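Engineer: Please find final32.txt (compact mmCIF, C-alpha atoms and all ligand atoms) on the next line:
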# COMPACT_ATOMS: atom_id res chain seq x y z
CA MET T 1 12.81 49.34 1.27
CA LEU T 2 12.79 45.86 -0.21
CA GLU T 3 14.82 44.45 2.68
CA SER T 4 12.38 45.77 5.31
CA PHE T 5 9.44 44.38 3.32
CA LEU T 6 11.13 41.00 3.23
CA ASN T 7 11.94 40.94 6.93
CA GLU T 8 8.44 42.03 7.93
CA SER T 9 6.88 39.39 5.71
CA LEU T 10 9.08 36.66 7.13
CA ALA T 11 8.30 37.76 10.70
CA GLU T 12 4.57 37.61 9.92
CA MET T 13 4.98 34.07 8.57
CA ASP T 14 6.86 33.07 11.72
CA ALA T 15 4.18 34.53 13.98
CA ALA T 16 1.42 32.64 12.14
CA GLY T 17 3.33 29.35 12.10
CA LEU T 18 3.40 29.56 8.31
CA ARG T 19 7.13 29.92 7.63
CA ARG T 20 8.33 27.11 5.38
CA ARG T 21 11.73 25.47 5.50
CA MET T 22 13.42 22.95 3.25
CA ARG T 23 14.81 19.74 4.61
CA ASP T 24 18.28 18.69 3.46
CA ILE T 25 17.87 15.21 2.05
CA THR T 26 20.95 13.28 1.03
CA GLY T 27 21.04 10.11 -1.04
CA PRO T 28 18.27 8.78 -3.25
CA GLN T 29 14.54 9.31 -2.90
CA ASP T 30 13.26 6.06 -1.43
CA ARG T 31 11.19 4.56 1.40
CA ILE T 32 14.10 5.48 3.67
CA VAL T 33 15.64 8.94 3.20
CA PHE T 34 18.59 10.52 4.98
CA ILE T 35 18.51 13.93 6.66
CA ASP T 36 21.83 15.05 8.16
CA GLY T 37 23.04 11.49 7.76
CA LYS T 38 20.17 10.05 9.84
CA PRO T 39 17.65 7.63 8.31
CA TYR T 40 13.92 8.38 8.30
CA ARG T 41 11.03 6.25 7.16
CA ASN T 42 9.60 8.36 4.37
CA PHE T 43 5.84 8.91 4.32
CA SER T 44 5.89 12.20 2.45
CA SER T 45 6.92 11.58 -1.14
CA ASN T 46 4.71 11.18 -4.19
CA ASN T 47 6.95 8.35 -5.33
CA TYR T 48 4.03 5.94 -4.90
CA LEU T 49 5.49 3.00 -6.78
CA GLY T 50 9.07 3.42 -5.60
CA LEU T 51 10.32 4.08 -9.14
CA ALA T 52 12.38 7.21 -8.44
CA ASN T 53 15.43 5.11 -7.57
CA ASP T 54 14.65 2.06 -9.75
CA GLY T 55 17.70 0.51 -11.43
CA ARG T 56 15.95 0.12 -14.79
CA LEU T 57 15.01 3.79 -14.94
CA LYS T 58 18.59 4.71 -14.12
CA GLU T 59 19.92 2.43 -16.86
CA ALA T 60 17.53 3.92 -19.43
CA GLY T 61 18.63 7.42 -18.42
CA ILE T 62 22.32 6.58 -18.58
CA ALA T 63 21.90 4.97 -22.02
CA ALA T 64 20.13 8.11 -23.28
CA ILE T 65 22.93 10.32 -21.97
CA GLN T 66 25.44 8.14 -23.83
CA GLY T 67 23.38 8.21 -27.02
CA GLU T 68 21.81 11.68 -27.07
CA GLY T 69 23.88 13.69 -24.60
CA VAL T 70 22.84 15.74 -21.60
CA GLY T 71 20.93 18.83 -22.70
CA ALA T 72 18.26 18.98 -25.42
CA GLY T 73 19.85 22.19 -26.71
CA ALA T 74 16.67 23.97 -27.79
CA SER T 75 12.90 23.85 -27.60
CA ARG T 76 11.05 21.01 -29.31
CA LEU T 77 9.95 23.30 -32.15
CA VAL T 78 13.47 24.57 -32.89
CA CYS T 79 15.89 21.64 -32.93
CA GLY T 80 15.32 19.91 -29.59
CA ASN T 81 12.79 17.29 -30.71
CA LEU T 82 14.86 14.20 -29.89
CA SER T 83 13.91 10.56 -30.37
CA ALA T 84 13.59 10.15 -26.57
CA HIS T 85 10.73 12.70 -26.56
CA ARG T 86 8.95 11.16 -29.53
CA GLN T 87 9.20 7.66 -28.09
CA LEU T 88 7.86 8.84 -24.74
CA GLU T 89 4.86 10.45 -26.42
CA GLN T 90 4.12 7.30 -28.42
CA GLU T 91 4.31 5.20 -25.25
CA PHE T 92 1.90 7.63 -23.59
CA ALA T 93 -0.68 7.69 -26.34
CA ARG T 94 -0.64 3.88 -26.20
CA ALA T 95 -0.90 3.74 -22.40
CA LYS T 96 -3.72 6.31 -22.26
CA LYS T 97 -5.53 4.94 -25.34
CA THR T 98 -5.75 8.39 -26.91
CA PRO T 99 -4.80 9.34 -30.48
CA ARG T 100 -1.86 11.46 -29.41
CA ALA T 101 0.19 12.84 -26.51
CA LEU T 102 2.39 15.87 -25.90
CA VAL T 103 5.09 16.08 -23.26
CA PHE T 104 5.62 19.22 -21.17
CA ASN T 105 8.53 19.88 -18.81
CA THR T 106 6.48 19.89 -15.59
CA GLY T 107 2.89 19.48 -14.51
CA TYR T 108 2.82 23.10 -13.50
CA MET T 109 3.89 24.18 -16.97
CA ALA T 110 1.44 21.80 -18.61
CA ASN T 111 -1.55 23.20 -16.73
CA VAL T 112 -0.56 26.80 -17.34
CA GLY T 113 0.16 26.17 -21.03
CA ILE T 114 -2.93 24.08 -21.76
CA ILE T 115 -5.41 26.34 -19.98
CA THR T 116 -4.06 29.67 -21.26
CA SER T 117 -3.83 28.51 -24.87
CA LEU T 118 -7.27 26.92 -25.05
CA PHE T 119 -9.31 29.41 -22.99
CA GLY T 120 -9.49 33.17 -22.66
CA LYS T 121 -11.76 36.17 -22.56
CA GLY T 122 -15.33 35.18 -23.46
CA ASP T 123 -14.88 31.62 -22.20
CA ILE T 124 -15.96 30.22 -18.82
CA ILE T 125 -14.10 27.74 -16.62
CA PHE T 126 -15.71 25.72 -13.82
CA SER T 127 -13.09 24.62 -11.33
CA ASP T 128 -13.28 22.53 -8.15
CA ARG T 129 -12.37 24.64 -5.11
CA LEU T 130 -9.59 22.21 -4.14
CA ASN T 131 -7.91 22.09 -7.56
CA HIS T 132 -4.13 22.31 -7.64
CA ALA T 133 -2.44 25.72 -7.64
CA SER T 134 -1.12 25.21 -11.18
CA ILE T 135 -4.70 24.97 -12.46
CA VAL T 136 -5.66 28.10 -10.54
CA ASP T 137 -2.67 29.97 -11.98
CA GLY T 138 -3.52 28.83 -15.50
CA ILE T 139 -7.09 30.06 -15.09
CA LEU T 140 -6.01 33.43 -13.67
CA LEU T 141 -3.54 33.95 -16.47
CA SER T 142 -6.06 32.89 -19.14
CA GLY T 143 -8.43 35.81 -18.50
CA ALA T 144 -11.45 33.48 -18.82
CA THR T 145 -14.41 33.84 -16.45
CA TRP T 146 -13.71 31.69 -13.40
CA ARG T 147 -16.39 29.86 -11.42
CA ARG T 148 -15.24 27.84 -8.41
CA TYR T 149 -17.63 25.16 -7.22
CA PRO T 150 -17.55 23.74 -3.68
CA HIS T 151 -15.40 20.61 -3.50
CA VAL T 152 -16.98 17.76 -5.54
CA ASP T 153 -20.41 19.36 -5.14
CA MET T 154 -22.25 18.17 -8.24
CA THR T 155 -25.48 19.98 -7.40
CA ALA T 156 -23.67 23.30 -7.24
CA LEU T 157 -21.79 22.53 -10.45
CA ALA T 158 -25.00 21.67 -12.32
CA GLU T 159 -26.60 24.92 -11.10
CA MET T 160 -23.63 26.96 -12.21
CA LEU T 161 -23.68 25.34 -15.64
CA ALA T 162 -27.42 25.89 -15.99
CA GLY T 163 -26.94 29.56 -15.16
CA ALA T 164 -24.00 30.18 -17.51
CA ASP T 165 -25.08 31.71 -20.79
CA GLY T 166 -23.45 33.52 -23.63
CA HIS T 167 -19.93 32.16 -23.37
CA LYS T 168 -17.91 31.02 -26.36
CA LYS T 169 -16.44 27.90 -24.77
CA LYS T 170 -17.14 26.15 -21.48
CA VAL T 171 -14.92 23.71 -19.61
CA ILE T 172 -14.93 21.88 -16.28
CA ILE T 173 -11.44 21.37 -14.87
CA THR T 174 -10.75 19.03 -11.99
CA ASP T 175 -7.99 17.11 -10.29
CA SER T 176 -8.94 13.45 -10.72
CA VAL T 177 -7.32 12.65 -7.35
CA PHE T 178 -7.15 15.61 -4.97
CA SER T 179 -3.60 16.13 -3.85
CA MET T 180 -4.24 17.13 -0.23
CA ASP T 181 -7.48 15.24 0.58
CA GLY T 182 -6.85 12.03 -1.34
CA ASP T 183 -10.40 11.70 -2.64
CA ILE T 184 -11.38 10.91 -6.23
CA ALA T 185 -13.40 13.31 -8.39
CA PRO T 186 -16.81 11.90 -9.40
CA LEU T 187 -15.89 11.81 -13.07
CA PRO T 188 -18.98 9.94 -14.33
CA ASP T 189 -21.19 12.69 -12.86
CA ILE T 190 -18.91 15.43 -14.16
CA VAL T 191 -18.92 13.96 -17.67
CA GLY T 192 -22.71 13.56 -17.49
CA VAL T 193 -23.39 17.18 -16.56
CA ALA T 194 -20.79 18.40 -19.07
CA GLN T 195 -22.50 16.53 -21.89
CA LYS T 196 -25.86 17.99 -20.93
CA TYR T 197 -24.50 21.53 -21.26
CA ASP T 198 -22.11 21.01 -24.19
CA CYS T 199 -19.16 21.68 -21.95
CA ALA T 200 -15.62 20.29 -22.32
CA VAL T 201 -13.84 18.36 -19.53
CA MET T 202 -10.19 18.56 -18.50
CA ILE T 203 -8.71 16.35 -15.78
CA ASP T 204 -5.40 16.52 -13.92
CA GLU T 205 -4.20 12.99 -13.26
CA ALA T 206 -1.07 13.96 -11.31
CA HIS T 207 -1.87 11.59 -8.43
CA ALA T 208 -3.88 9.08 -10.45
CA PHE T 209 -1.44 8.09 -13.19
CA GLY T 210 0.28 4.86 -12.11
CA VAL T 211 -2.09 4.53 -9.15
CA LEU T 212 -5.65 4.14 -10.50
CA GLY T 213 -7.03 2.04 -13.33
CA GLU T 214 -6.47 -1.53 -14.42
CA THR T 215 -3.22 -0.71 -16.23
CA GLY T 216 -2.41 2.31 -14.07
CA ALA T 217 -3.48 4.77 -16.76
CA GLY T 218 -5.40 6.86 -14.22
CA ALA T 219 -8.92 7.82 -13.20
CA ALA T 220 -10.18 8.03 -16.79
CA GLU T 221 -9.37 4.33 -17.10
CA HIS T 222 -10.67 3.57 -13.60
CA PHE T 223 -14.09 4.93 -14.64
CA HIS T 224 -13.84 3.71 -18.28
CA LEU T 225 -14.20 7.27 -19.54
CA GLU T 226 -11.08 7.45 -21.75
CA ASP T 227 -13.04 8.63 -24.78
CA LYS T 228 -15.34 11.01 -22.86
CA ILE T 229 -12.71 13.34 -21.43
CA ASP T 230 -11.43 15.96 -23.83
CA ILE T 231 -8.16 16.84 -22.12
CA GLN T 232 -6.19 14.49 -19.90
CA MET T 233 -3.05 15.86 -18.32
CA GLY T 234 -0.84 14.29 -15.74
CA THR T 235 2.70 14.30 -14.46
CA LEU T 236 5.74 12.07 -14.66
CA SER T 237 7.00 13.43 -11.36
CA LYS T 238 4.89 11.34 -9.01
CA ALA T 239 4.17 7.62 -9.49
CA ALA T 240 6.46 7.59 -12.55
CA GLY T 241 9.31 8.79 -10.35
CA CYS T 242 10.81 11.22 -12.92
CA LEU T 243 10.00 14.73 -14.08
CA GLY T 244 7.79 16.06 -16.85
CA ALA T 245 4.13 15.96 -17.74
CA TYR T 246 1.82 14.87 -20.51
CA CYS T 247 -1.32 16.01 -22.22
CA CYS T 248 -3.27 13.29 -24.00
CA GLY T 249 -6.17 13.83 -26.36
CA SER T 250 -7.20 14.16 -29.98
CA GLU T 251 -4.87 14.80 -32.90
CA SER T 252 -6.23 18.33 -33.28
CA LEU T 253 -5.84 19.10 -29.55
CA ILE T 254 -2.17 18.15 -29.62
CA GLU T 255 -1.51 20.03 -32.90
CA PHE T 256 -3.17 23.10 -31.40
CA LEU T 257 -1.18 22.91 -28.17
CA LEU T 258 2.19 22.52 -29.83
CA ASN T 259 1.40 25.63 -31.85
CA LYS T 260 -0.10 27.72 -29.07
CA ALA T 261 0.93 26.63 -25.56
CA ARG T 262 3.58 29.13 -24.54
CA SER T 263 5.00 26.94 -21.78
CA PHE T 264 5.67 24.30 -24.44
CA ILE T 265 7.01 26.65 -27.09
CA TYR T 266 9.27 28.99 -25.16
CA THR T 267 11.27 26.54 -23.12
CA THR T 268 14.03 24.04 -23.76
CA ALA T 269 12.90 20.44 -24.20
CA LEU T 270 13.36 17.95 -21.36
CA PRO T 271 16.80 16.37 -21.17
CA PRO T 272 16.81 13.09 -23.14
CA ALA T 273 17.84 11.11 -20.04
CA ILE T 274 14.72 12.03 -18.14
CA ALA T 275 12.50 11.35 -21.18
CA ALA T 276 14.08 7.91 -21.58
CA SER T 277 13.71 7.09 -17.87
CA ALA T 278 10.11 8.25 -17.99
CA ARG T 279 9.37 6.03 -20.98
CA ARG T 280 10.73 3.06 -19.02
CA ALA T 281 8.56 4.08 -16.06
CA VAL T 282 5.43 4.22 -18.22
CA ALA T 283 6.19 0.71 -19.51
CA ILE T 284 6.81 -0.64 -15.98
CA ILE T 285 3.55 0.90 -14.77
CA GLN T 286 1.70 -1.09 -17.43
CA GLU T 287 3.71 -4.30 -17.11
CA GLU T 288 3.88 -4.63 -13.32
CA PRO T 289 0.40 -4.41 -11.79
CA GLY T 290 1.85 -6.08 -8.67
CA ARG T 291 3.38 -2.78 -7.59
CA ARG T 292 0.00 -1.09 -7.73
CA GLU T 293 -1.62 -3.97 -5.86
CA ARG T 294 0.91 -3.66 -3.03
CA LEU T 295 0.32 0.08 -2.89
CA TRP T 296 -3.41 -0.50 -2.47
CA GLU T 297 -2.90 -3.24 0.13
CA ASN T 298 -0.70 -0.87 2.12
CA THR T 299 -3.28 1.88 1.74
CA ARG T 300 -6.19 -0.22 2.99
CA TYR T 301 -4.19 -1.40 5.99
CA PHE T 302 -2.88 2.04 6.94
CA VAL T 303 -6.16 3.93 6.58
CA GLY T 304 -8.04 1.20 8.42
CA ARG T 305 -5.68 1.47 11.40
CA LEU T 306 -5.86 5.28 11.50
CA LYS T 307 -9.65 5.16 11.49
CA GLU T 308 -9.67 2.62 14.32
CA MET T 309 -7.51 5.03 16.32
CA GLY T 310 -10.10 7.73 15.73
CA PHE T 311 -8.22 10.17 13.48
CA ASN T 312 -10.02 12.41 11.00
CA THR T 313 -8.76 11.24 7.59
CA LEU T 314 -11.46 13.14 5.64
CA ASN T 315 -12.80 11.13 2.71
CA THR T 316 -9.53 9.67 1.45
CA GLN T 317 -9.88 6.99 -1.20
CA THR T 318 -6.24 6.75 -2.30
CA PRO T 319 -2.66 6.43 -0.93
CA ILE T 320 -2.83 10.14 0.01
CA ILE T 321 -3.99 10.18 3.62
CA PRO T 322 -4.71 13.45 5.44
CA VAL T 323 -4.69 13.44 9.23
CA VAL T 324 -6.48 16.66 10.06
CA VAL T 325 -5.08 18.58 13.03
CA GLY T 326 -6.62 22.04 12.46
CA ASP T 327 -4.15 24.44 13.99
CA SER T 328 -0.97 25.12 12.00
CA GLN T 329 1.39 25.25 14.98
CA GLN T 330 0.03 22.00 16.33
CA ALA T 331 0.42 20.31 12.94
CA ILE T 332 4.05 21.40 12.91
CA GLU T 333 4.51 20.12 16.45
CA PHE T 334 3.05 16.76 15.43
CA SER T 335 5.36 16.52 12.44
CA GLN T 336 8.44 17.48 14.50
CA ARG T 337 7.72 14.88 17.17
CA LEU T 338 7.32 12.25 14.44
CA GLN T 339 10.61 13.29 12.95
CA ALA T 340 12.27 12.86 16.35
CA GLN T 341 11.03 9.24 16.19
CA GLY T 342 12.56 8.69 12.75
CA ILE T 343 9.30 9.15 10.80
CA LEU T 344 9.09 11.74 8.03
CA ILE T 345 5.51 12.99 7.65
CA VAL T 346 5.26 16.66 6.75
CA ALA T 347 2.63 19.09 7.95
CA ILE T 348 0.62 20.89 5.28
CA ARG T 349 -0.64 24.34 6.21
CA PRO T 350 -2.67 27.12 4.65
CA PRO T 351 -2.63 28.44 1.98
CA THR T 352 -1.93 24.99 0.51
CA VAL T 353 -5.06 23.80 2.37
CA PRO T 354 -8.06 25.84 3.61
CA PRO T 355 -7.71 27.82 6.88
CA GLN T 356 -8.01 25.76 10.10
CA THR T 357 -7.45 22.48 8.24
CA ALA T 358 -3.69 22.13 8.76
CA ARG T 359 -2.86 18.48 8.64
CA LEU T 360 -0.31 15.76 8.33
CA ARG T 361 -0.22 14.47 4.78
CA ILE T 362 0.79 10.83 4.70
CA SER T 363 1.53 9.23 1.36
CA LEU T 364 2.11 5.54 1.02
CA MET T 365 4.43 3.66 -1.27
CA ALA T 366 4.24 0.19 -2.78
CA THR T 367 7.66 -0.45 -1.26
CA HIS T 368 6.80 0.39 2.36
CA THR T 369 7.28 -2.70 4.51
CA GLN T 370 4.92 -3.89 7.22
CA ASP T 371 7.54 -2.76 9.70
CA ASP T 372 7.68 0.74 8.16
CA MET T 373 3.92 1.08 8.49
CA ASP T 374 3.68 -0.33 12.00
CA GLU T 375 6.45 1.94 13.27
CA ALA T 376 4.75 4.97 11.72
CA LEU T 377 1.32 4.01 13.02
CA ALA T 378 2.62 3.47 16.56
CA ALA T 379 4.30 6.88 16.55
CA VAL T 380 1.24 8.63 15.09
CA GLU T 381 -0.99 7.04 17.73
CA LYS T 382 1.32 7.92 20.64
CA ILE T 383 1.83 11.52 19.58
CA GLY T 384 -1.82 11.93 18.57
CA LYS T 385 -2.76 11.03 22.17
CA GLU T 386 -0.11 13.35 23.63
CA LEU T 387 -1.57 16.19 21.56
CA CYS T 388 -5.14 15.21 22.55
CA LEU T 389 -6.19 14.65 18.94
CA ILE T 390 -7.58 11.21 19.71
C1 LIG T 401 2.12 17.99 -8.32
C2 LIG T 401 0.94 18.45 -9.08
C3 LIG T 401 1.09 19.21 -10.25
C4 LIG T 401 2.43 19.73 -10.68
O1 LIG T 401 3.19 18.73 -11.24
P1 LIG T 401 4.77 18.91 -11.36
O2 LIG T 401 5.14 17.94 -12.42
O3 LIG T 401 5.34 18.55 -10.03
O4 LIG T 401 5.02 20.31 -11.75
C5 LIG T 401 -0.04 19.51 -10.97
N1 LIG T 401 -1.27 19.10 -10.56
C6 LIG T 401 -1.45 18.39 -9.43
C7 LIG T 401 -2.82 17.98 -9.03
C8 LIG T 401 -0.35 18.05 -8.65
O5 LIG T 401 -0.52 17.37 -7.53
Could you spell out this file's structure in structure tokens?

Structural biologist:
Amino acid sequence: MLESFLNESLAEMDAAGLRRRMRDITGPQDRIVFIDGKPYRNFSSNNYLGLANDGRLKEAGIAAIQGEGVGAGASRLVCGNLSAHRQLEQEFARAKKTPRALVFNTGYMANVGIITSLFGKGDIIFSDRLNHASIVDGILLSGATWRRYPHVDMTALAEMLAGADGHKKKVIITDSVFSMDGDIAPLPDIVGVAQKYDCAVMIDEAHAFGVLGETGAGAAEHFHLEDKIDIQMGTLSKAAGCLGAYCCGSESLIEFLLNKARSFIYTTALPPAIAASARRAVAIIQEEPGRRERLWENTRYFVGRLKEMGFNTLNTQTPIIPVVVGDSQQAIEFSQRLQAQGILIVAIRPPTVPPQTARLRISLMATHTQDDMDEALAAVEKIGKELCLI
């Protein structure tokens, strides 16, 4: 019974061009990655600053293994609260200019834990339609009333807020940089409308931390709204090149979460090595603005060229660059032809993106060379013409 269900489901995915497969990468995560021993220029990672294979992060991790061992042994609240975790949280509170920070094991776990502990039946959550799946899952699990507003549509959001009465707590939750479209949430407008209706604001800085803001602290810093956003979460798995996530906010928010967020309580703490590497990454993000500047130079160049060629890159404002294809099979075809030319750019299909908006998702790195970009652009242009997309 189960086996036939599985085989039918897989056949359906195949027929719709929606079957997913993992690539076998060997060696470190860098601007060049190896698949079956062959090198590919990598335009698909979220390793924006090239820190995932940085020597200083490795040294910090190795030192922590020598000093504190490999596994944390227990959850933070039992006996797994190691100095590497505490130091990382202090570094974060400083970087984000908030009273306190709490580290979670992944961004997914942070969103689920934060949303389910803070909100529930009787509360109402306003969520951008393109928010990340981990936010959606947190909302579903919370049992709160869920209102999805059209992507960055502030008029619709204001109307929804005006019409929402009789709820205990209200919150707007949004990605600060949208992971598949690369645009930036209009946080000043969101904060403005939230204040008008006595509504809290939570942002997910997964793709903004290390990328946006004068010191790389994210979109809250970019818009100078650090003290106007109640809940700032983000990940250590993208620009920071590690694994883990943070929630930054008031003293009482953090005390509440460490008492109530189940994905914080009922799981073993991060290994000390990864916490130590992450702390080094957070420091480098603040100390080396040059990396961020190169990332933005690369972004401006690459997007400019794609637009000249006539591709639809939606409203990207960041190093995440969608090239909309539409049809899923054609997006896969595009990606496969690029791979044959030594360029790794993966296709993103529904349900990760809305129906009929399958696309290539290009993400740039500070460490991409001019040659990397020109090779990729030439291949994208050639194949785009072959597929009649431009
Ligand atoms: C990647 C991502 C997450 C999940 O973070 P992980 O640390 O990889 O679990 C959450 N939110 C957004 C917007 C993301 O892009």

Engineer: From the list T:Gly27, T:Gly290, T:Gly326, T:Gly80, which residue is nearest Pro354 of chain T when using only C-alpha atoms?

Structural biologist: T:Gly326

Engineer: From the list T:Asn81, T:Thr98, T:Thr268, T:Asn105, which residue is nearest ligand LIG 401 (chain T) when using all atoms listed in the file?

Structural biologist: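 Of T:Asn81, T:Thr98, T:Thr268, T:Asn105, the one nearest ligand LIG 401 (chain T), counting all atoms listed in the file, is T:Asn105.
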
Engineer: Using only C-alpha atoms and all ligand atoms, what are the residues with an atom within 9 Å of ligand LIG 401 (chain T), set out as number ranges by chain?

Structural biologist: T: 46, 104-111, 131-135, 174-180, 204-207, 233-238, 242-245

Engineer: Point out the residue among T:Ala11, T:Cys248, T:Leu212, T:Ile285 with the least atom-to-atom distance to Leu102 of chain T, counting all atoms listed in the file.

Structural biologist: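 Checking each of T:Ala11, T:Cys248, T:Leu212, T:Ile285 against Leu102 of chain T, counting all atoms listed in the file, the winner is T:Cys248.
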
Engineer: Enter the distance from atom CA of Lys170 of chain T to atom CA of Asp183 of chain T, in Å, rounded to one decimal.

Structural biologist: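 Those two atoms sit 24.7 Å apart.
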
Engineer: Show which residues sit within 10 Å of Arg294 of chain T, as a PDB file with C-alpha atoms, in the coordinates of the input. Count only C-alpha atoms, and ignore same-chain residues fewer than 4 positions away.

Structural biologist:
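As written to disk, around-v5.pdb reads:
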ATOM      1  CA  LEU T  49       5.490   3.000  -6.780  1.00  0.00           C
ATOM      2  CA  PRO T 289       0.400  -4.410 -11.790  1.00  0.00           C
ATOM      3  CA  GLY T 290       1.850  -6.080  -8.670  1.00  0.00           C
ATOM      4  CA  ASN T 298      -0.700  -0.870   2.120  1.00  0.00           C
ATOM      5  CA  THR T 299      -3.280   1.880   1.740  1.00  0.00           C
ATOM      6  CA  ARG T 300      -6.190  -0.220   2.990  1.00  0.00           C
ATOM      7  CA  MET T 365       4.430   3.660  -1.270  1.00  0.00           C
ATOM      8  CA  ALA T 366       4.240   0.190  -2.780  1.00  0.00           C
ATOM      9  CA  THR T 367       7.660  -0.450  -1.260  1.00  0.00           C
ATOM     10  CA  HIS T 368       6.800   0.390   2.360  1.00  0.00           C
ATOM     11  CA  THR T 369       7.280  -2.700   4.510  1.00  0.00           C
TER      12      THR T 369
END

Engineer: I'd like the contact shell of Pro322 of chain T - 12 Å cut-off, only C-alpha atoms, skipping same-chain residues fewer than 6 positions apart - returned as a ChimeraX atom specification.

Structural biologist: /T:43-44,178-183,302-303,306-307,311-316,331,345-349,353,357-364

Engineer: Check the smallest atom-to-atom distance from each of T:Cys247, T:Met373, T:Ala144, T:Leu57 to Gly120 of chain T using only C-alpha atoms, then report the winner.

Structural biologist: T:Ala144

Engineer: My list of candidates is T:Phe34, T:Phe119, T:Tyr40, T:Trp296. Which is closest to Gly210 of chain T when distances are computed with only C-alpha atoms?

Structural biologist: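 Result for the nearest residue to Gly210 of chain T: T:Trp296.
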